[in-house]
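Text of run.txt (compact mmCIF, C-alpha atoms) as supplied:
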# COMPACT_ATOMS: atom_id res chain seq x y z
CA MET A 28 9.49 -161.90 104.85
CA ARG A 29 6.67 -162.35 102.44
CA ARG A 30 5.34 -165.81 101.98
CA CYS A 31 5.66 -166.88 98.39
CA VAL A 32 4.16 -169.61 96.30
CA VAL A 33 5.77 -172.89 97.16
CA SER A 34 7.34 -174.35 94.07
CA ALA A 35 7.48 -178.07 94.02
CA LEU A 36 10.48 -179.75 92.60
CA MET A 37 12.31 -182.39 94.44
CA LEU A 38 14.12 -185.41 93.39
CA LEU A 39 13.27 -188.92 94.23
CA LEU A 40 15.12 -191.73 92.63
CA LEU A 41 13.10 -194.82 92.05
CA ALA A 42 15.08 -198.00 92.13
CA GLY A 43 13.96 -201.07 90.31
CA GLY A 44 16.05 -204.19 90.81
CA SER A 45 18.41 -202.58 93.24
CA VAL A 46 17.01 -199.93 95.43
CA ALA A 47 19.39 -197.29 96.43
CA CYS A 48 18.16 -194.32 98.32
CA GLY A 49 19.59 -191.04 99.25
CA ALA A 50 18.17 -188.29 101.34
CA SER A 51 19.00 -184.83 102.33
CA THR A 52 17.00 -182.63 104.60
CA ALA A 53 14.63 -181.74 101.77
CA LEU A 54 14.55 -184.50 99.17
CA THR A 55 14.59 -188.21 98.68
CA THR A 56 16.26 -189.93 95.78
CA LYS A 57 16.29 -193.40 94.33
CA TYR A 58 17.57 -194.94 91.14
CA GLU A 59 17.35 -198.13 89.15
CA THR A 60 19.64 -199.71 86.61
CA PRO A 61 17.67 -201.96 84.29
CA GLY A 62 20.49 -201.98 81.76
CA SER A 63 24.16 -201.28 81.27
CA LEU A 64 25.77 -197.94 80.58
CA ALA A 65 29.11 -199.48 79.59
CA GLY A 66 30.29 -198.75 76.08
CA HIS A 67 28.05 -195.74 75.60
CA PRO A 68 30.32 -192.69 75.42
CA SER A 69 27.96 -190.09 74.04
CA TYR A 70 24.55 -188.68 74.83
CA ALA A 71 21.90 -186.37 73.45
CA PHE A 72 18.77 -184.91 74.94
CA ALA A 73 15.49 -186.19 73.61
CA ALA A 74 12.05 -184.64 73.88
CA THR A 75 10.92 -183.86 77.43
CA PRO A 76 7.39 -185.12 77.98
CA GLY A 77 5.19 -183.86 80.76
CA LEU A 78 5.06 -185.91 83.94
CA GLU A 79 1.94 -187.89 84.60
CA GLU A 80 2.93 -190.37 87.27
CA GLN A 81 1.86 -191.10 90.83
CA GLY A 82 -0.38 -188.07 90.91
CA PHE A 83 2.30 -185.68 89.74
CA THR A 84 1.40 -183.48 86.79
CA SER A 85 3.55 -181.03 84.92
CA GLY A 86 2.51 -177.45 85.45
CA HIS A 87 3.58 -174.00 84.39
CA LEU A 88 6.83 -174.30 86.33
CA PHE A 89 8.06 -176.96 83.89
CA ASN A 90 8.62 -174.32 81.23
CA PRO A 91 11.57 -173.74 78.89
CA ILE A 92 13.52 -171.89 81.60
CA MET A 93 13.26 -174.91 83.87
CA GLN A 94 14.00 -177.36 81.10
CA ARG A 95 17.14 -175.49 80.07
CA ARG A 96 18.25 -175.40 83.68
CA ILE A 97 17.84 -179.14 84.13
CA ARG A 98 19.50 -179.84 80.81
CA ASP A 99 22.42 -177.59 81.68
CA GLU A 100 23.02 -179.25 85.03
CA LEU A 101 22.68 -182.71 83.53
CA SER A 102 25.25 -181.82 80.90
CA LYS A 103 27.67 -180.74 83.60
CA GLU A 104 27.15 -183.99 85.49
CA LEU A 105 27.55 -186.17 82.44
CA THR A 106 30.60 -184.30 81.18
CA ALA A 107 32.21 -184.64 84.59
CA ARG A 108 31.76 -188.39 84.27
CA GLY A 109 33.42 -188.60 80.90
CA TYR A 110 30.39 -188.62 78.60
CA LYS A 111 30.31 -186.34 75.58
CA GLU A 112 27.32 -184.63 74.06
CA ALA A 113 26.64 -185.52 70.44
CA PRO A 114 23.93 -184.84 67.85
CA PRO A 115 20.85 -186.99 68.44
CA ASP A 116 21.48 -189.10 65.37
CA GLN A 117 25.01 -189.94 66.55
CA ALA A 118 24.63 -190.29 70.31
CA SER A 119 24.63 -193.72 71.91
CA LEU A 120 22.49 -192.59 74.85
CA LEU A 121 19.34 -190.50 74.90
CA ILE A 122 18.47 -188.48 77.99
CA THR A 123 14.88 -187.52 78.78
CA PHE A 124 13.46 -185.91 81.87
CA SER A 125 10.16 -184.65 83.14
CA ALA A 126 8.96 -182.85 86.23
CA GLY A 127 5.67 -182.22 87.92
CA GLY A 128 3.92 -181.25 91.11
CA ARG A 129 1.34 -182.76 93.41
CA GLU A 130 -0.62 -181.30 96.33
CA ASP A 131 -0.86 -183.56 99.38
CA VAL A 132 -3.08 -183.16 102.42
CA VAL A 133 -1.28 -184.05 105.64
CA THR A 134 -3.54 -185.18 108.50
CA PRO A 135 -2.78 -186.45 112.00
CA GLY A 136 -2.44 -190.19 111.89
CA ASN A 137 -2.98 -190.19 108.14
CA GLN A 138 -6.73 -189.87 108.57
CA GLN A 139 -8.78 -190.05 105.41
CA GLY A 140 -11.90 -188.17 104.45
CA THR A 141 -13.04 -184.60 104.35
CA GLU A 142 -13.34 -184.14 108.14
CA VAL A 143 -10.46 -185.11 110.37
CA ARG A 144 -9.48 -184.61 113.99
CA GLY A 145 -6.60 -182.28 114.62
CA LEU A 146 -4.72 -179.90 112.43
CA ALA A 147 -4.48 -180.75 108.75
CA TYR A 148 -2.58 -178.85 106.13
CA THR A 149 -1.57 -179.01 102.50
CA VAL A 150 1.91 -179.35 101.14
CA ASP A 151 3.13 -179.12 97.57
CA ARG A 152 5.52 -181.80 96.41
CA GLY A 153 7.45 -181.97 93.22
CA ALA A 154 9.11 -184.77 91.36
CA LEU A 155 11.82 -184.94 88.72
CA VAL A 156 12.32 -188.09 86.68
CA LEU A 157 15.40 -188.82 84.58
CA HIS A 158 15.55 -191.53 81.94
CA VAL A 159 18.65 -192.71 80.15
CA LEU A 160 17.94 -194.82 77.08
CA GLU A 161 20.02 -196.72 74.62
CA ALA A 162 19.66 -194.72 71.40
CA ARG A 163 19.58 -197.82 69.23
CA ASP A 164 16.63 -199.67 70.76
CA LYS A 165 15.28 -197.02 73.13
CA ASN A 166 15.56 -199.35 76.13
CA VAL A 167 15.89 -197.65 79.50
CA VAL A 168 19.27 -198.41 81.01
CA TRP A 169 19.15 -196.02 83.94
CA ARG A 170 16.33 -194.23 85.70
CA GLY A 171 16.34 -191.70 88.51
CA TRP A 172 13.48 -190.11 90.37
CA GLY A 173 13.52 -187.41 92.99
CA GLU A 174 10.74 -186.05 95.18
CA GLY A 175 10.44 -183.53 97.94
CA VAL A 176 9.22 -180.15 99.03
CA LEU A 177 10.85 -176.81 98.61
CA THR A 178 10.45 -174.08 101.16
CA SER A 179 8.79 -170.91 100.01
CA SER A 180 12.09 -169.08 100.27
CA ALA A 181 13.98 -171.54 98.08
CA ASP A 182 15.75 -170.24 95.02
CA LEU A 183 14.40 -172.35 92.17
CA ASP A 184 17.63 -172.30 90.23
CA VAL A 185 19.74 -173.38 93.20
CA ALA A 186 17.25 -175.98 94.37
CA VAL A 187 16.67 -177.64 91.02
CA ARG A 188 20.36 -177.79 90.15
CA GLN A 189 21.06 -179.31 93.54
CA ALA A 190 18.30 -181.81 92.95
CA VAL A 191 19.82 -182.85 89.63
CA ARG A 192 23.16 -183.36 91.30
CA GLU A 193 21.59 -185.46 94.04
CA ILE A 194 19.82 -187.69 91.55
CA MET A 195 22.97 -188.09 89.52
CA LYS A 196 25.20 -188.99 92.44
CA PRO A 197 24.99 -192.74 91.79
CA PHE A 198 25.30 -192.35 88.01
CA PRO A 199 28.49 -194.17 87.00
CA PRO A 200 31.39 -192.60 85.07
CA TYR A 201 31.89 -193.66 81.48
CA GLN A 202 33.27 -197.15 81.04
CA SER A 203 34.35 -198.38 77.62
CA MET B 7 -23.12 -174.60 112.32
CA ARG B 8 -19.60 -175.45 113.28
CA ILE B 9 -20.66 -175.97 116.87
CA ASP B 10 -23.33 -178.39 115.72
CA ARG B 11 -20.82 -180.35 113.68
CA ARG B 12 -18.50 -180.51 116.63
CA MET B 13 -21.19 -181.77 118.91
CA GLN B 14 -22.06 -184.52 116.47
CA PHE B 15 -18.43 -185.41 116.15
CA ASP B 16 -17.90 -185.97 119.86
CA GLN B 17 -20.98 -185.91 122.02
CA ARG B 18 -19.17 -186.85 125.21
CA VAL B 19 -17.53 -183.52 125.75
CA ASN B 20 -18.80 -180.03 126.11
CA VAL B 21 -17.12 -177.83 123.62
CA GLN B 22 -16.61 -174.13 123.56
CA PRO B 23 -15.65 -172.78 120.16
CA GLN B 24 -12.65 -170.52 120.36
CA ALA B 25 -11.50 -169.78 116.87
CA SER B 26 -11.81 -170.86 113.35
CA VAL B 27 -8.61 -170.64 111.43
CA ARG B 28 -7.63 -171.77 108.01
CA GLY B 29 -5.01 -174.38 107.62
CA ARG B 30 -2.11 -173.80 105.35
CA GLY B 31 -3.21 -173.06 101.87
CA GLY B 32 -6.40 -171.20 102.76
CA TRP B 33 -7.49 -167.72 103.68
CA SER B 34 -9.23 -166.74 106.90
CA SER B 35 -11.70 -164.33 105.39
CA ALA B 36 -10.90 -164.45 101.72
CA ARG B 37 -13.03 -162.50 99.36
CA ALA B 38 -10.95 -163.25 96.31
CA ALA B 39 -12.73 -162.95 93.01
CA LEU B 40 -11.76 -164.86 89.93
CA VAL B 41 -13.33 -164.92 86.51
CA ALA B 42 -12.29 -167.67 84.16
CA GLY B 43 -8.92 -168.06 85.75
CA VAL B 44 -7.87 -164.43 85.87
CA VAL B 45 -6.22 -163.85 89.20
CA THR B 46 -7.59 -161.12 91.39
CA SER B 47 -6.66 -159.79 94.73
CA ALA B 48 -8.37 -161.04 97.85
CA LEU B 49 -8.78 -160.11 101.46
CA ALA B 50 -7.00 -161.80 104.32
CA GLY B 51 -4.19 -164.26 104.21
CA ALA B 52 -0.59 -163.58 103.49
CA GLY B 53 1.30 -163.74 100.26
CA CYS B 54 4.32 -162.52 98.44
CA THR B 55 2.48 -159.32 97.67
CA SER B 56 0.48 -156.69 99.41
CA SER B 57 -2.85 -158.14 98.24
CA PRO B 58 -4.13 -160.53 100.87
CA GLY B 59 -4.83 -163.97 99.50
CA VAL B 60 -2.73 -163.39 96.39
CA ARG B 61 0.63 -165.07 96.17
CA SER B 62 3.12 -164.19 93.48
CA ASN B 63 6.54 -165.36 92.45
CA ALA B 64 8.81 -165.56 89.43
CA ASP B 65 11.47 -167.65 87.79
CA TRP B 66 13.96 -166.45 85.25
CA GLU B 67 16.96 -167.41 83.19
CA ARG B 68 19.97 -166.70 85.37
CA GLY B 69 22.54 -164.71 83.49
CA ALA B 70 20.03 -163.21 81.05
CA ASP B 71 20.30 -159.48 80.60
CA LEU B 72 16.94 -158.12 81.72
CA GLY B 73 18.03 -154.62 82.55
CA PRO B 74 15.96 -151.48 81.88
CA SER B 75 17.95 -150.64 78.77
CA LYS B 76 15.83 -153.18 76.92
CA THR B 77 12.91 -152.40 74.69
CA PHE B 78 9.67 -154.33 75.02
CA SER B 79 6.43 -155.06 73.28
CA VAL B 80 3.23 -156.53 74.66
CA THR B 81 1.48 -159.08 72.49
CA ARG B 82 -1.28 -161.62 72.85
CA SER B 83 -0.19 -164.98 74.20
CA PRO B 84 -0.82 -168.11 72.12
CA LEU B 85 -1.60 -169.84 75.42
CA LEU B 86 -4.86 -167.96 75.89
CA PRO B 87 -7.87 -170.20 75.31
CA ALA B 88 -9.47 -170.07 71.91
CA ASP B 89 -12.92 -169.57 73.47
CA ILE B 90 -11.97 -166.59 75.60
CA THR B 91 -15.02 -164.58 76.60
CA PRO B 92 -15.47 -160.85 76.04
CA LYS B 93 -15.13 -160.26 79.77
CA GLN B 94 -11.87 -162.16 79.83
CA VAL B 95 -10.65 -160.21 76.81
CA GLU B 96 -11.41 -157.03 78.70
CA LEU B 97 -9.54 -158.16 81.79
CA MET B 98 -6.57 -159.39 79.81
CA GLY B 99 -6.52 -155.97 78.21
CA VAL B 100 -6.11 -154.54 81.70
CA VAL B 101 -3.20 -156.92 82.25
CA ASP B 102 -1.59 -155.77 79.02
CA ALA B 103 -2.08 -152.09 79.80
CA THR B 104 -0.73 -152.51 83.32
CA THR B 105 2.25 -154.42 81.98
CA ARG B 106 3.02 -151.56 79.61
CA SER B 107 2.75 -148.92 82.30
CA GLU B 108 4.79 -150.89 84.80
CA LEU B 109 7.61 -151.70 82.42
CA THR B 110 7.69 -148.08 81.28
CA ARG B 111 7.78 -146.92 84.87
CA LYS B 112 10.73 -149.22 85.50
CA GLY B 113 12.66 -147.59 82.64
CA TYR B 114 11.96 -149.96 79.76
CA HIS B 115 10.98 -148.51 76.39
CA GLU B 116 8.11 -149.75 74.31
CA ALA B 117 8.85 -150.66 70.73
CA SER B 118 7.16 -152.52 67.91
CA SER B 119 6.92 -156.29 68.19
CA GLU B 120 9.27 -156.63 65.22
CA GLN B 121 11.99 -154.64 66.92
CA ALA B 122 11.49 -155.05 70.66
CA GLU B 123 14.11 -157.00 72.56
CA LEU B 124 11.61 -158.39 75.05
CA ILE B 125 8.14 -159.67 74.21
CA ALA B 126 5.64 -159.72 77.07
CA THR B 127 2.62 -162.02 77.00
CA SER B 128 0.08 -163.00 79.62
CA TYR B 129 -2.44 -165.79 80.06
CA PHE B 130 -4.39 -167.53 82.77
CA ILE B 131 -5.11 -171.04 83.95
CA LYS B 132 -7.42 -172.56 86.51
CA ARG B 133 -6.60 -175.51 88.72
CA ARG B 134 -8.32 -177.49 91.45
CA ARG B 135 -6.69 -177.28 94.87
CA LYS B 136 -7.41 -178.35 98.43
CA ASP B 137 -8.62 -175.95 101.06
CA VAL B 138 -8.31 -176.75 104.77
CA MET B 139 -10.43 -175.08 107.44
CA THR B 140 -9.42 -175.86 111.01
CA SER B 141 -11.61 -175.08 113.96
CA SER B 142 -10.12 -174.93 117.41
CA PHE B 143 -12.14 -175.60 120.53
CA THR B 144 -11.43 -175.93 124.17
CA CYS B 145 -12.50 -179.35 125.25
CA THR B 146 -14.07 -179.22 128.71
CA ALA B 147 -14.78 -182.36 130.66
CA SER B 148 -18.26 -183.27 131.62
CA PRO B 149 -18.74 -185.52 134.66
CA GLY B 150 -19.89 -188.26 132.32
CA TYR B 151 -16.73 -188.08 130.25
CA ALA B 152 -14.43 -188.23 133.26
CA MET B 153 -16.30 -191.22 134.62
CA THR B 154 -16.26 -193.20 131.39
CA SER B 155 -12.57 -192.50 130.98
CA GLY B 156 -11.89 -194.31 134.20
CA GLY B 157 -10.44 -191.41 136.08
CA ILE B 158 -10.88 -187.90 137.29
CA ILE B 159 -9.72 -185.36 134.80
CA LYS B 160 -9.65 -181.69 135.57
CA ALA B 161 -11.24 -179.62 132.87
CA GLU B 162 -8.22 -177.38 132.45
CA ALA B 163 -6.02 -180.42 131.87
CA LEU B 164 -7.70 -181.26 128.60
CA PRO B 165 -5.89 -180.16 125.45
CA PRO B 166 -7.53 -177.98 122.86
CA CYS B 167 -9.60 -179.82 120.32
CA GLU B 168 -9.21 -179.20 116.66
CA GLU B 169 -11.11 -180.33 113.67
CA SER B 170 -10.16 -179.82 110.06
CA VAL B 171 -12.48 -179.79 107.09
CA ILE B 172 -10.92 -180.43 103.71
CA SER B 173 -12.62 -179.29 100.54
CA ASP B 174 -11.86 -178.65 96.91
CA VAL B 175 -11.47 -175.12 95.66
CA ASP B 176 -10.72 -173.60 92.29
CA GLU B 177 -7.61 -171.50 92.09
CA GLY B 178 -6.81 -169.09 89.33
CA VAL B 179 -3.31 -168.38 88.11
CA LEU B 180 -2.31 -165.32 86.11
CA LEU B 181 0.96 -165.76 84.28
CA ILE B 182 3.18 -163.23 82.57
CA ASP B 183 6.01 -164.37 80.32
CA LEU B 184 8.85 -162.37 78.86
CA TYR B 185 10.63 -163.67 75.79
CA ASP B 186 13.97 -162.69 74.32
CA ARG B 187 12.89 -161.98 70.78
CA GLN B 188 16.33 -162.39 69.25
CA HIS B 189 17.04 -165.76 70.78
CA ARG B 190 13.39 -166.83 70.76
CA GLN B 191 13.63 -167.90 74.38
CA LEU B 192 11.51 -167.53 77.46
CA VAL B 193 13.67 -165.56 79.88
CA TRP B 194 11.28 -164.54 82.66
CA HIS B 195 8.16 -166.25 84.01
CA GLY B 196 5.99 -164.59 86.65
CA TRP B 197 2.75 -165.73 88.19
CA ALA B 198 0.19 -165.05 90.88
CA THR B 199 -2.43 -167.31 92.39
CA ALA B 200 -5.70 -166.48 94.06
CA ARG B 201 -8.89 -168.29 95.04
CA PRO B 202 -12.23 -166.96 93.99
CA GLU B 203 -15.24 -166.15 96.03
CA PRO B 204 -18.16 -167.51 94.02
CA GLY B 205 -20.29 -164.79 92.54
CA SER B 206 -17.70 -162.06 92.98
CA PRO B 207 -16.22 -161.19 89.62
CA PRO B 208 -12.96 -159.30 89.66
CA THR B 209 -12.74 -155.63 89.04
CA GLN B 210 -10.34 -154.04 86.64
CA ALA B 211 -8.59 -152.43 89.58
CA GLN B 212 -8.05 -155.80 91.21
CA VAL B 213 -6.65 -157.32 88.04
CA ALA B 214 -4.34 -154.34 87.59
CA GLN B 215 -3.11 -154.69 91.16
CA VAL B 216 -2.34 -158.37 90.75
CA THR B 217 -0.47 -157.63 87.54
CA LYS B 218 1.63 -155.08 89.39
CA GLU B 219 2.36 -157.61 92.09
CA ILE B 220 3.66 -160.10 89.57
CA LEU B 221 5.84 -157.46 87.97
CA GLU B 222 7.28 -156.49 91.33
CA HIS B 223 9.53 -159.49 90.71
CA PHE B 224 10.84 -157.92 87.51
CA PRO B 225 13.60 -157.24 86.89
CA PRO B 226 15.06 -159.87 89.21
CA LYS B 227 17.05 -158.44 92.08

Encoded form using structure tokens:
Amino acid sequence: MRRCVVSALMLLLLAGGSVACGASTALTTKYETPGSLAGHPSYAFAATPGLEEQGFTSGHLFNPIMQRRIRDELSKELTARGYKEAPPDQASLLITFSAGGREDVVTPGNQQGTEVRGLAYTVDRGALVLHVLEARDKNVVWRGWGEGVLTSSADLDVAVRQAVREIMKPFPPYQS
Amino acid sequence: MRIDRRMQFDQRVNVQPQASVRGRGGWSSARAALVAGVVTSALAGAGCTSSPGVRSNADWERGADLGPSKTFSVTRSPLLPADITPKQVELMGVVDATTRSELTRKGYHEASSEQAELIATSYFIKRRRKDVMTSSFTCTASPGYAMTSGGIIKAEALPPCEESVISDVDEGVLLIDLYDRQHRQLVWHGWATARPEPGSPPTQAQVAQVTKEILEHFPPK
């Protein structure tokens, strides 16, 4: 089997006040809930900025194909929870997301520097960040972050959609 | 040189160099050439393609109809740098010509950009990456080492020694995009990466080969 470029998209949910973590064999997720989602029945997607956090930067993989994929899977997850998509000027929630990659060097014992003992290697990591904002005041009410590494044989479509689902697992159903 | 570095690193053991291998992400005897980000083929290493040192892959819109019944046109990408050099223009011309011939060979029909169903564009980027070189040695015990360690250690009982050197390297990426003209959407995104050997500009043949390797992923299977 040919070795292909490792794409880097994983999901890591960052948790603020309450840290909740999830993990599968390939990704780690966390989330935070700085606000309340109650009483917000509708959502719209806002502009998707590039990711520039914790060393992750958006690259060519975060293209319109990827953005549509993430948006599509998010819509499925939100619809399943009772939220309805609406035009941006009518929605009560705005959804934004961004993704990026980062190359890490793994060394025995986490040695630093340009010369290390033992076998070192590089690994590509990816991150996907989801923000849910109140449309009225643009305050973040829910935030999810996922991070991990995909194997070179991973199907990007399958992996990213799975990652979205993992991040969204703790997202609550609509409550009036 | 590597032996000298090893001796300085640990002067208490006698070392016998066995092999020098690249860690993941590098090439053992790469002779990849890259000019201004245009990906070229390279020697050694493994990849998704038959060109050593070149790795290619693709992403696409699942469910999009990308079959050979489509017509295509090749146009200049707006993502090419404004200050593209004449040499780069020449090489991107090779990419365009190879794209035309490959799509035609696969059964697609060229049409004008106003009428084609698929619009093909290509561009390049350059990014800084890490390269890891690992050297493996057999550590043999000297009497002094065994004595200072507080015991008698047989030479053959010592594990292999390894040392990794981490450096920065420029990597070029050649990207080919296919757009659905009617829906104004990107439907296929292919790319290849390679690392240049300084002072070795790519040849047209190398650029053509890398282009073919990207397009091996089209249409998606």

May I ask for the distance between CA of Ala71 (chain A) and CA of Trp172 (chain A), given in Å to one decimal place?
-> 19.3 Å

Determine, using only C-alpha atoms, which residues of chain A have any atom at most 8 Å from an atom of chain B, and tabulate each with its shortest atom pair and distance in Å to one decimal place, rows ordered by chain and then rising number, as CSV.
residue,atom,partner,partner_atom,distance
A:Arg29,CA,B:Cys54,CA,4.6
A:Arg30,CA,B:Gly53,CA,4.9
A:Cys31,CA,B:Cys54,CA,4.6
A:Val32,CA,B:Arg61,CA,5.8
A:Pro91,CA,B:Leu192,CA,6.4
A:Ile92,CA,B:Glu67,CA,5.9
A:Glu130,CA,B:Arg135,CA,7.4
A:Val132,CA,B:Lys136,CA,7.6
A:Gly140,CA,B:Ile172,CA,7.8
A:Thr141,CA,B:Ile172,CA,4.7
A:Glu142,CA,B:Val171,CA,4.6
A:Val143,CA,B:Ser170,CA,5.3
A:Arg144,CA,B:Glu169,CA,4.6
A:Gly145,CA,B:Glu168,CA,4.5
A:Leu146,CA,B:Ser170,CA,5.9
A:Ala147,CA,B:Ser170,CA,5.9
A:Tyr148,CA,B:Arg30,CA,5.1
A:Thr149,CA,B:Arg30,CA,6.0
A:Leu183,CA,B:Asp65,CA,7.1
A:Asp184,CA,B:Arg68,CA,7.8

Point-to-point distance in Å for CA of Leu184 (chain B) and CA of Leu72 (chain B) =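 These two atoms are separated by 9.6 Å.
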
Using only C-alpha atoms, what table do you get, as JSON lines, when you list each residue of region 76-113 of chain B with an atom no more than 12 Å from region 205-208 of chain B, its nearest pair of atoms, and their distance in Å rounded to one decimal, rows by chain then rising number?
{"residue": "B:Lys93", "atom": "CA", "partner": "B:Pro207", "partner_atom": "CA", "distance": 10.0}
{"residue": "B:Gln94", "atom": "CA", "partner": "B:Pro208", "partner_atom": "CA", "distance": 10.3}
{"residue": "B:Glu96", "atom": "CA", "partner": "B:Pro208", "partner_atom": "CA", "distance": 11.3}
{"residue": "B:Leu97", "atom": "CA", "partner": "B:Pro208", "partner_atom": "CA", "distance": 8.7}
{"residue": "B:Met98", "atom": "CA", "partner": "B:Pro208", "partner_atom": "CA", "distance": 11.7}
{"residue": "B:Val100", "atom": "CA", "partner": "B:Pro208", "partner_atom": "CA", "distance": 11.5}

Coordinates-based distance that separates CA of Glu161 (chain A) from CA of Lys196 (chain A) (Å, one decimal) =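 Going from CA of Lys196 (chain A) over to CA of Glu161 (chain A), I get 20.1 Å.
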
Can you pull out every residue within 12 Å of Asp164 (chain A), counting all atoms listed in the file, but drop anything in the same chain fewer than 3 positions away, and send it as a list in words?
->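 Answer for this query is Gly62, Ser119, Leu120, Leu121, Val159, Leu160, Glu161, Val167 and Val168 of chain A.
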
Residues from last step as file, C-alpha atoms, as a PDB file, keeping the file's coordinate frame:
ATOM      1  CA  GLY A  62      20.490-201.980  81.760  1.00  0.00           C
ATOM      2  CA  SER A 119      24.630-193.720  71.910  1.00  0.00           C
ATOM      3  CA  LEU A 120      22.490-192.590  74.850  1.00  0.00           C
ATOM      4  CA  LEU A 121      19.340-190.500  74.900  1.00  0.00           C
ATOM      5  CA  VAL A 159      18.650-192.710  80.150  1.00  0.00           C
ATOM      6  CA  LEU A 160      17.940-194.820  77.080  1.00  0.00           C
ATOM      7  CA  GLU A 161      20.020-196.720  74.620  1.00  0.00           C
ATOM      8  CA  VAL A 167      15.890-197.650  79.500  1.00  0.00           C
ATOM      9  CA  VAL A 168      19.270-198.410  81.010  1.00  0.00           C
TER      10      VAL A 168
END

At most 8 Å from (4.5, -184.0, 88.1), file frame, all atoms listed in the file: which residues, as a PyMOL selection string?
-> chain A and resi 77-80+82-86+125-129+153-155

Closest of B:Ile182, B:Gly73, B:Val80, B:Gln215 to Tyr114 (chain B) - atom-to-atom distances counting all atoms listed in the file = B:Gly73

For Ser102 (chain A), list every protein, DNA or RNA residue within 12 Å, evaluated using only C-alpha atoms, and leave out those in the same chain fewer than 2 positions away; present the list as a list in words.
->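 Using only C-alpha atoms, the neighbours found are Ser69, Tyr70, Ala71, Phe72, Arg95, Arg96, Ile97, Arg98, Asp99, Glu100, Glu104, Leu105, Thr106, Ala107, Arg108, Gly109, Tyr110, Lys111, Glu112, Ala113, Ile122, Arg188, Val191, Arg192 and Met195 of chain A.
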
Would you please work out which residue, of B:Ser79, B:Thr105, B:Thr217, B:Gln210, is nearest to Ser119 (chain B) when using all atoms listed in the file?
->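 The answer is B:Ser79, which sits nearest to Ser119 (chain B).
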
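Each of A:Gln117, A:Arg163, A:Phe124, A:Leu54 was checked against Pro76 (chain A) using only C-alpha atoms; the smallest atom-to-atom distance is that of A:Phe124.
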